[in-house]
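Structure data follow from structure_13.cif (mmCIF, N, CA and C atoms):
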```cif
data_input
loop_
_atom_site.label_atom_id
_atom_site.label_comp_id
_atom_site.auth_asym_id
_atom_site.auth_seq_id
_atom_site.Cartn_x
_atom_site.Cartn_y
_atom_site.Cartn_z
N MET A 1 60.58 -171.82 139.97
CA MET A 1 59.87 -172.92 140.59
C MET A 1 59.46 -173.91 139.50
N GLN A 2 59.70 -175.18 139.76
CA GLN A 2 59.30 -176.21 138.81
C GLN A 2 57.78 -176.32 138.77
N ASP A 3 57.27 -176.99 137.72
CA ASP A 3 55.84 -177.22 137.64
C ASP A 3 55.39 -178.00 138.87
N SER A 4 54.33 -177.55 139.50
CA SER A 4 53.85 -178.26 140.68
C SER A 4 52.36 -178.06 140.82
N ASN A 5 51.78 -178.99 141.52
CA ASN A 5 50.35 -178.96 141.79
C ASN A 5 50.15 -179.35 143.24
N GLY A 6 49.03 -178.95 143.79
CA GLY A 6 48.74 -179.33 145.15
C GLY A 6 47.36 -178.86 145.57
N VAL A 7 46.92 -179.38 146.72
CA VAL A 7 45.63 -178.99 147.27
C VAL A 7 45.88 -178.45 148.68
N LEU A 8 45.57 -177.19 148.90
CA LEU A 8 45.62 -176.59 150.23
C LEU A 8 44.30 -176.90 150.91
N VAL A 9 44.37 -177.59 152.02
CA VAL A 9 43.18 -177.91 152.80
C VAL A 9 43.18 -176.99 154.01
N ILE A 10 42.15 -176.18 154.13
CA ILE A 10 42.11 -175.12 155.14
C ILE A 10 41.01 -175.40 156.15
N TYR A 11 41.36 -175.20 157.42
CA TYR A 11 40.38 -175.38 158.50
C TYR A 11 40.74 -174.45 159.64
N LYS A 12 39.82 -173.56 159.97
CA LYS A 12 39.97 -172.63 161.08
C LYS A 12 41.33 -171.92 161.08
N GLY A 13 41.69 -171.37 159.91
CA GLY A 13 42.91 -170.58 159.81
C GLY A 13 44.19 -171.37 159.76
N LYS A 14 44.09 -172.66 159.52
CA LYS A 14 45.28 -173.51 159.44
C LYS A 14 45.24 -174.32 158.15
N ILE A 15 46.43 -174.80 157.74
CA ILE A 15 46.51 -175.65 156.55
C ILE A 15 46.91 -177.06 156.95
N LEU A 16 46.39 -178.01 156.20
CA LEU A 16 46.67 -179.42 156.46
C LEU A 16 47.97 -179.82 155.76
N LEU A 17 48.87 -180.42 156.52
CA LEU A 17 50.09 -180.99 155.95
C LEU A 17 50.12 -182.47 156.26
N VAL A 18 50.74 -183.21 155.37
CA VAL A 18 50.79 -184.66 155.48
C VAL A 18 52.24 -185.12 155.42
N SER A 19 52.55 -186.15 156.17
CA SER A 19 53.85 -186.81 156.01
C SER A 19 53.57 -188.27 155.69
N GLY A 20 54.49 -188.89 154.97
CA GLY A 20 54.25 -190.21 154.42
C GLY A 20 54.54 -191.36 155.35
N ASP A 21 54.51 -192.55 154.75
CA ASP A 21 54.64 -193.80 155.49
C ASP A 21 56.09 -194.21 155.71
N SER A 22 56.96 -193.95 154.76
CA SER A 22 58.34 -194.41 154.88
C SER A 22 59.11 -193.52 155.85
N PRO A 23 60.20 -194.03 156.42
CA PRO A 23 60.99 -193.20 157.35
C PRO A 23 61.44 -191.89 156.74
N PHE A 24 61.86 -191.89 155.47
CA PHE A 24 62.27 -190.64 154.82
C PHE A 24 61.09 -189.68 154.71
N GLU A 25 59.95 -190.20 154.22
CA GLU A 25 58.78 -189.35 154.04
C GLU A 25 58.24 -188.83 155.36
N GLN A 26 58.43 -189.58 156.45
CA GLN A 26 57.93 -189.12 157.74
C GLN A 26 58.68 -187.89 158.24
N SER A 27 59.86 -187.65 157.69
CA SER A 27 60.62 -186.47 158.13
C SER A 27 60.26 -185.23 157.33
N LEU A 28 59.43 -185.37 156.30
CA LEU A 28 59.05 -184.23 155.46
C LEU A 28 57.54 -184.03 155.47
N TRP A 29 57.13 -182.79 155.52
CA TRP A 29 55.71 -182.43 155.46
C TRP A 29 55.42 -181.85 154.08
N SER A 30 54.19 -182.06 153.61
CA SER A 30 53.81 -181.49 152.31
C SER A 30 52.32 -181.21 152.28
N ILE A 31 51.94 -180.34 151.34
CA ILE A 31 50.52 -180.18 151.07
C ILE A 31 50.10 -181.41 150.27
N ILE A 32 48.84 -181.65 150.18
CA ILE A 32 48.35 -182.84 149.47
C ILE A 32 48.68 -182.74 147.99
N GLY A 33 49.31 -183.79 147.49
CA GLY A 33 49.54 -183.91 146.06
C GLY A 33 50.79 -183.27 145.52
N ASP A 34 51.64 -182.68 146.36
CA ASP A 34 52.79 -181.96 145.79
C ASP A 34 53.85 -182.89 145.24
N LYS A 35 53.85 -184.16 145.64
CA LYS A 35 54.88 -185.09 145.17
C LYS A 35 54.38 -186.01 144.07
N ASP A 36 53.12 -185.89 143.70
CA ASP A 36 52.51 -186.84 142.78
C ASP A 36 52.44 -186.29 141.36
N ASN A 37 52.44 -187.18 140.40
CA ASN A 37 52.22 -186.80 139.01
C ASN A 37 50.72 -186.69 138.78
N TRP A 38 50.31 -185.58 138.28
CA TRP A 38 48.90 -185.34 138.05
C TRP A 38 48.58 -185.58 136.58
N SER A 39 47.42 -186.12 136.34
CA SER A 39 46.95 -186.28 134.97
C SER A 39 45.91 -185.20 134.70
N ARG A 40 45.48 -185.14 133.51
CA ARG A 40 44.45 -184.18 133.17
C ARG A 40 43.11 -184.91 133.13
N PRO A 41 42.01 -184.33 133.44
CA PRO A 41 41.83 -182.95 133.89
C PRO A 41 42.34 -182.75 135.32
N LEU A 42 42.93 -181.60 135.56
CA LEU A 42 43.58 -181.33 136.84
C LEU A 42 42.60 -181.29 138.00
N LEU A 43 41.41 -180.76 137.79
CA LEU A 43 40.44 -180.70 138.88
C LEU A 43 40.08 -182.10 139.36
N GLU A 44 39.91 -183.02 138.43
CA GLU A 44 39.62 -184.40 138.82
C GLU A 44 40.80 -185.03 139.55
N SER A 45 42.01 -184.71 139.11
CA SER A 45 43.21 -185.19 139.82
C SER A 45 43.24 -184.64 141.24
N ALA A 46 42.89 -183.37 141.41
CA ALA A 46 42.86 -182.77 142.75
C ALA A 46 41.87 -183.50 143.65
N ARG A 47 40.69 -183.81 143.12
CA ARG A 47 39.69 -184.55 143.89
C ARG A 47 40.19 -185.93 144.29
N LYS A 48 40.84 -186.61 143.35
CA LYS A 48 41.36 -187.95 143.63
C LYS A 48 42.46 -187.92 144.69
N MET A 49 43.36 -186.94 144.60
CA MET A 49 44.42 -186.81 145.60
C MET A 49 43.82 -186.57 146.98
N LEU A 50 42.88 -185.67 147.05
CA LEU A 50 42.24 -185.34 148.32
C LEU A 50 41.57 -186.58 148.90
N LYS A 51 40.85 -187.31 148.08
CA LYS A 51 40.16 -188.50 148.57
C LYS A 51 41.14 -189.59 148.99
N SER A 52 42.22 -189.77 148.25
CA SER A 52 43.17 -190.84 148.58
C SER A 52 43.91 -190.56 149.89
N ILE A 53 44.13 -189.31 150.21
CA ILE A 53 44.87 -188.95 151.42
C ILE A 53 43.95 -188.85 152.64
N THR A 54 42.75 -188.27 152.46
CA THR A 54 41.89 -187.96 153.61
C THR A 54 40.60 -188.76 153.64
N SER A 55 40.26 -189.43 152.58
CA SER A 55 38.99 -190.12 152.36
C SER A 55 37.82 -189.15 152.17
N LEU A 56 38.10 -187.87 152.04
CA LEU A 56 37.04 -186.88 151.82
C LEU A 56 36.74 -186.77 150.33
N ASN A 57 35.47 -186.61 150.02
CA ASN A 57 35.02 -186.49 148.65
C ASN A 57 34.36 -185.13 148.47
N PHE A 58 35.03 -184.23 147.77
CA PHE A 58 34.50 -182.88 147.56
C PHE A 58 34.24 -182.65 146.10
N LEU A 59 33.06 -182.16 145.80
CA LEU A 59 32.75 -181.77 144.43
C LEU A 59 33.26 -180.37 144.14
N ARG A 60 33.27 -179.52 145.16
CA ARG A 60 33.67 -178.13 144.95
C ARG A 60 35.08 -177.90 145.53
N ILE A 61 36.01 -177.77 144.63
CA ILE A 61 37.38 -177.42 144.99
C ILE A 61 37.74 -176.20 144.16
N GLU A 62 38.25 -175.18 144.80
CA GLU A 62 38.56 -173.92 144.13
C GLU A 62 40.01 -173.91 143.64
N LEU A 63 40.24 -173.23 142.52
CA LEU A 63 41.58 -173.03 142.00
C LEU A 63 42.10 -171.70 142.53
N LEU A 64 43.23 -171.75 143.19
CA LEU A 64 43.89 -170.53 143.64
C LEU A 64 44.78 -170.11 142.49
N SER A 65 44.40 -169.05 141.79
CA SER A 65 45.05 -168.68 140.54
C SER A 65 46.27 -167.81 140.77
N PHE A 66 47.34 -168.19 140.12
CA PHE A 66 48.56 -167.38 140.14
C PHE A 66 48.89 -167.04 138.70
N PRO A 67 48.44 -165.88 138.22
CA PRO A 67 48.56 -165.57 136.79
C PRO A 67 49.98 -165.57 136.26
N GLU A 68 50.96 -165.27 137.10
CA GLU A 68 52.34 -165.21 136.60
C GLU A 68 52.95 -166.59 136.40
N ILE A 69 52.31 -167.63 136.93
CA ILE A 69 52.83 -168.99 136.76
C ILE A 69 51.69 -169.86 136.28
N THR A 70 51.66 -170.11 134.99
CA THR A 70 50.52 -170.83 134.44
C THR A 70 50.66 -172.34 134.55
N THR A 71 51.85 -172.84 134.87
CA THR A 71 52.04 -174.29 134.93
C THR A 71 51.86 -174.83 136.34
N ASN A 72 51.57 -173.98 137.31
CA ASN A 72 51.33 -174.41 138.68
C ASN A 72 49.85 -174.30 138.97
N HIS A 73 49.29 -175.36 139.49
CA HIS A 73 47.87 -175.40 139.78
C HIS A 73 47.69 -175.73 141.25
N ILE A 74 47.38 -174.72 142.03
CA ILE A 74 47.18 -174.90 143.46
C ILE A 74 45.68 -174.75 143.72
N PHE A 75 45.08 -175.82 144.18
CA PHE A 75 43.66 -175.81 144.51
C PHE A 75 43.51 -175.65 146.01
N TYR A 76 42.31 -175.26 146.45
CA TYR A 76 42.07 -175.18 147.89
C TYR A 76 40.62 -175.52 148.20
N ILE A 77 40.45 -176.01 149.41
CA ILE A 77 39.11 -176.23 149.96
C ILE A 77 39.14 -175.76 151.41
N LYS A 78 37.98 -175.37 151.89
CA LYS A 78 37.83 -175.02 153.30
C LYS A 78 36.92 -176.05 153.94
N LEU A 79 37.43 -176.67 154.99
CA LEU A 79 36.68 -177.73 155.66
C LEU A 79 35.74 -177.18 156.72
N THR A 80 34.68 -177.93 156.96
CA THR A 80 33.75 -177.65 158.06
C THR A 80 34.10 -178.58 159.21
N ASP A 81 33.49 -178.35 160.37
CA ASP A 81 33.70 -179.26 161.50
C ASP A 81 33.31 -180.69 161.13
N LYS A 82 32.21 -180.83 160.39
CA LYS A 82 31.75 -182.16 160.01
C LYS A 82 32.76 -182.86 159.11
N SER A 83 33.29 -182.14 158.12
CA SER A 83 34.24 -182.78 157.20
C SER A 83 35.56 -183.12 157.89
N VAL A 84 36.01 -182.29 158.83
CA VAL A 84 37.24 -182.59 159.57
C VAL A 84 37.07 -183.87 160.37
N ASN A 85 35.91 -184.04 160.96
CA ASN A 85 35.66 -185.24 161.76
C ASN A 85 35.51 -186.50 160.90
N SER A 86 35.39 -186.32 159.58
CA SER A 86 35.25 -187.47 158.67
C SER A 86 36.58 -187.92 158.07
N ILE A 87 37.66 -187.21 158.36
CA ILE A 87 38.96 -187.59 157.80
C ILE A 87 39.39 -188.94 158.36
N VAL A 88 39.84 -189.81 157.47
CA VAL A 88 40.35 -191.12 157.85
C VAL A 88 41.82 -191.18 157.48
N ARG A 89 42.67 -191.46 158.47
CA ARG A 89 44.11 -191.55 158.22
C ARG A 89 44.48 -192.99 157.89
N ARG A 90 45.39 -193.13 156.92
CA ARG A 90 45.96 -194.46 156.66
C ARG A 90 46.94 -194.78 157.78
N GLN A 91 47.18 -196.06 158.00
CA GLN A 91 48.12 -196.46 159.03
C GLN A 91 49.50 -195.88 158.72
N GLY A 92 50.13 -195.28 159.72
CA GLY A 92 51.45 -194.71 159.57
C GLY A 92 51.47 -193.30 158.99
N GLN A 93 50.33 -192.81 158.57
CA GLN A 93 50.25 -191.50 157.96
C GLN A 93 49.98 -190.44 159.01
N ARG A 94 50.67 -189.33 158.89
CA ARG A 94 50.42 -188.20 159.80
C ARG A 94 49.78 -187.07 159.01
N LEU A 95 48.68 -186.57 159.54
CA LEU A 95 47.98 -185.41 159.00
C LEU A 95 47.83 -184.43 160.14
N GLU A 96 48.32 -183.22 159.95
CA GLU A 96 48.24 -182.21 161.01
C GLU A 96 47.91 -180.85 160.41
N PHE A 97 47.15 -180.07 161.15
CA PHE A 97 46.84 -178.70 160.75
C PHE A 97 47.83 -177.75 161.42
N TYR A 98 48.36 -176.81 160.64
CA TYR A 98 49.34 -175.85 161.14
C TYR A 98 48.96 -174.44 160.69
N ARG A 99 49.25 -173.47 161.57
CA ARG A 99 49.19 -172.07 161.13
C ARG A 99 50.29 -171.88 160.09
N LEU A 100 50.16 -170.88 159.26
CA LEU A 100 51.14 -170.66 158.20
C LEU A 100 52.53 -170.43 158.78
N ASP A 101 52.64 -169.64 159.84
CA ASP A 101 53.96 -169.39 160.42
C ASP A 101 54.58 -170.67 161.00
N GLU A 102 53.76 -171.57 161.51
CA GLU A 102 54.25 -172.86 162.01
C GLU A 102 54.72 -173.74 160.85
N ALA A 103 53.92 -173.78 159.79
CA ALA A 103 54.24 -174.61 158.63
C ALA A 103 55.56 -174.19 157.99
N GLU A 104 55.81 -172.90 157.98
CA GLU A 104 57.04 -172.38 157.36
C GLU A 104 58.29 -172.82 158.12
N LYS A 105 58.15 -173.20 159.38
CA LYS A 105 59.30 -173.63 160.19
C LYS A 105 59.54 -175.14 160.12
N LEU A 106 58.62 -175.87 159.52
CA LEU A 106 58.74 -177.32 159.44
C LEU A 106 59.69 -177.74 158.32
N ASN A 107 60.14 -178.97 158.40
CA ASN A 107 60.94 -179.58 157.34
C ASN A 107 59.95 -180.06 156.28
N THR A 108 59.84 -179.30 155.19
CA THR A 108 58.86 -179.61 154.14
C THR A 108 59.56 -180.09 152.88
N THR A 109 58.78 -180.66 151.98
CA THR A 109 59.31 -180.99 150.66
C THR A 109 59.69 -179.68 149.98
N ASN A 110 60.56 -179.75 148.99
CA ASN A 110 60.98 -178.54 148.28
C ASN A 110 59.79 -177.81 147.68
N THR A 111 58.90 -178.56 147.05
CA THR A 111 57.75 -177.94 146.39
C THR A 111 56.85 -177.23 147.40
N THR A 112 56.54 -177.89 148.51
CA THR A 112 55.68 -177.26 149.52
C THR A 112 56.36 -176.02 150.10
N GLY A 113 57.63 -176.11 150.39
CA GLY A 113 58.36 -174.94 150.90
C GLY A 113 58.31 -173.78 149.93
N GLN A 114 58.48 -174.06 148.64
CA GLN A 114 58.42 -173.00 147.63
C GLN A 114 57.03 -172.39 147.53
N ILE A 115 56.02 -173.24 147.58
CA ILE A 115 54.63 -172.74 147.50
C ILE A 115 54.32 -171.86 148.70
N LEU A 116 54.67 -172.32 149.90
CA LEU A 116 54.38 -171.54 151.12
C LEU A 116 55.12 -170.22 151.11
N SER A 117 56.32 -170.20 150.57
CA SER A 117 57.11 -168.97 150.54
C SER A 117 56.63 -168.02 149.44
N LYS A 118 56.55 -168.53 148.23
CA LYS A 118 56.23 -167.67 147.09
C LYS A 118 54.81 -167.11 147.17
N PHE A 119 53.87 -167.89 147.68
CA PHE A 119 52.47 -167.48 147.69
C PHE A 119 51.97 -167.20 149.10
N ARG A 120 52.88 -166.76 149.95
CA ARG A 120 52.53 -166.50 151.36
C ARG A 120 51.36 -165.54 151.50
N ASN A 121 51.39 -164.43 150.77
CA ASN A 121 50.33 -163.43 150.90
C ASN A 121 48.97 -163.97 150.49
N GLU A 122 48.93 -164.71 149.38
CA GLU A 122 47.67 -165.27 148.90
C GLU A 122 47.13 -166.32 149.89
N ILE A 123 48.03 -167.17 150.38
CA ILE A 123 47.61 -168.20 151.35
C ILE A 123 47.16 -167.54 152.64
N SER A 124 47.88 -166.54 153.07
CA SER A 124 47.51 -165.83 154.30
C SER A 124 46.11 -165.22 154.18
N SER A 125 45.81 -164.65 153.03
CA SER A 125 44.47 -164.08 152.81
C SER A 125 43.39 -165.15 152.87
N LEU A 126 43.67 -166.33 152.29
CA LEU A 126 42.71 -167.43 152.37
C LEU A 126 42.48 -167.85 153.81
N LEU A 127 43.54 -167.93 154.59
CA LEU A 127 43.42 -168.37 155.97
C LEU A 127 42.64 -167.39 156.83
N GLU A 128 42.70 -166.12 156.48
CA GLU A 128 42.01 -165.09 157.26
C GLU A 128 40.54 -164.93 156.87
N SER A 129 40.18 -165.41 155.68
CA SER A 129 38.79 -165.20 155.23
C SER A 129 37.85 -166.27 155.74
#
```
Same coordinates, now as structure tokens:
Amino acid sequence: MQDSNGVLVIYKGKILLVSGDSPFEQSLWSIIGDKDNWSRPLLESARKMLKSITSLNFLRIELLSFPEITTNHIFYIKLTDKSVNSIVRRQGQRLEFYRLDEAEKLNTTNTTGQILSKFRNEISSLLES
């Protein structure tokens, strides 16, 4: 797997996927930030990505650690009802919550597909907790 970063946004046992504005991007779903170049510090980049896509501002974002892959940084947050209702979509942008099994059947970016497949057990545990 190539170096990748992303933010898993979790709400009521589902993960948030986004599709872009262009016709090509609208055919692909991804976790937040999987297509973007991140700068350091990574936690601040995760916050900026989250805010730019959803307009949500979170101080506490957790790192989902994968010790065998040190160059991949997957962060996660769990939303409340209040924060979900505060999401603002950009025009033409699609944001949808999916169960993990639903997300795996979607046409996703390569990076998101690899993350969902390789880290299925870890993501599944997050969704159940």
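Reported to one decimal place, the separation of atom CA of A:Gln93 from atom CA of A:Leu64 is 26.2 Å.
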- request: Please indicate the distance in Å from atom CA of A:Gly92 to atom CA of A:Arg60, rounded to one decimal place.
  value: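 We find that atom CA of A:Gly92 and atom CA of A:Arg60 lie 28.4 Å from each other.
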Residues matched by the PyMOL selection byres ((chain A and resi 12) around 6.5) as a PDB file with N, CA and C atoms, in the coordinates of the input:
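Saved to expr_0.pdb:
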```pdb
ATOM      1  N   ILE A  10      42.150-176.180 154.130  1.00  0.00           N
ATOM      2  CA  ILE A  10      42.110-175.120 155.140  1.00  0.00           C
ATOM      3  C   ILE A  10      41.010-175.400 156.150  1.00  0.00           C
ATOM      4  N   TYR A  11      41.360-175.200 157.420  1.00  0.00           N
ATOM      5  CA  TYR A  11      40.380-175.380 158.500  1.00  0.00           C
ATOM      6  C   TYR A  11      40.740-174.450 159.640  1.00  0.00           C
ATOM      7  N   GLY A  13      41.690-171.370 159.910  1.00  0.00           N
ATOM      8  CA  GLY A  13      42.910-170.580 159.810  1.00  0.00           C
ATOM      9  C   GLY A  13      44.190-171.370 159.760  1.00  0.00           C
ATOM     10  N   LYS A  14      44.090-172.660 159.520  1.00  0.00           N
ATOM     11  CA  LYS A  14      45.280-173.510 159.440  1.00  0.00           C
ATOM     12  C   LYS A  14      45.240-174.320 158.150  1.00  0.00           C
ATOM     13  N   LEU A  79      37.430-176.670 154.990  1.00  0.00           N
ATOM     14  CA  LEU A  79      36.680-177.730 155.660  1.00  0.00           C
ATOM     15  C   LEU A  79      35.740-177.180 156.720  1.00  0.00           C
ATOM     16  N   LEU A 127      43.540-167.930 154.590  1.00  0.00           N
ATOM     17  CA  LEU A 127      43.420-168.370 155.970  1.00  0.00           C
ATOM     18  C   LEU A 127      42.640-167.390 156.830  1.00  0.00           C
TER      19      LEU A 127
END
```
- request: Considering all atoms listed in the file, state which residue in the set A:Asp81, A:Glu96, A:Glu122, A:Glu104 is at the smallest distance from A:Ser19.
  value: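 Of the candidates, the smallest distance to A:Ser19 is held by A:Glu96.
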query: With only C-alpha atoms as the basis for distance, which of A:Val7, A:Ser125, A:Asn110, A:Met49 is at the shortest distance from A:Glu62?
result: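 Closest to A:Glu62, using only C-alpha atoms: A:Val7.
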message: Excluding A:Leu95 and its own-chain neighbours fewer than 3 positions away, which residues fall within 6.5 Å of it when counting only N, CA and C atoms? Please give them as an MDAnalysis selection string.
response: chainID A and resid 16:19
field: d(atom C of A:Ile123, atom N of A:Ile61) in Å
entry: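 Answer for the atom C of A:Ile123 to atom N of A:Ile61 separation: 17.1 Å.
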task: Name all residues at most 8 Å from A:Ala103 (count only N, CA and C atoms; drop same-chain ones fewer than 5 positions away) and give them as a ChimeraX atom specification.
output: /A:15,97-98,108,113,116
message: the PyMOL selection byres (((chain A and resi 109 and name CA) around 9) and name CA) - which residues does that actually catch in the file I just gave you? List them as a PyMOL selection string.
response: chain A and resi 28-31+34-35+107-108+110-114
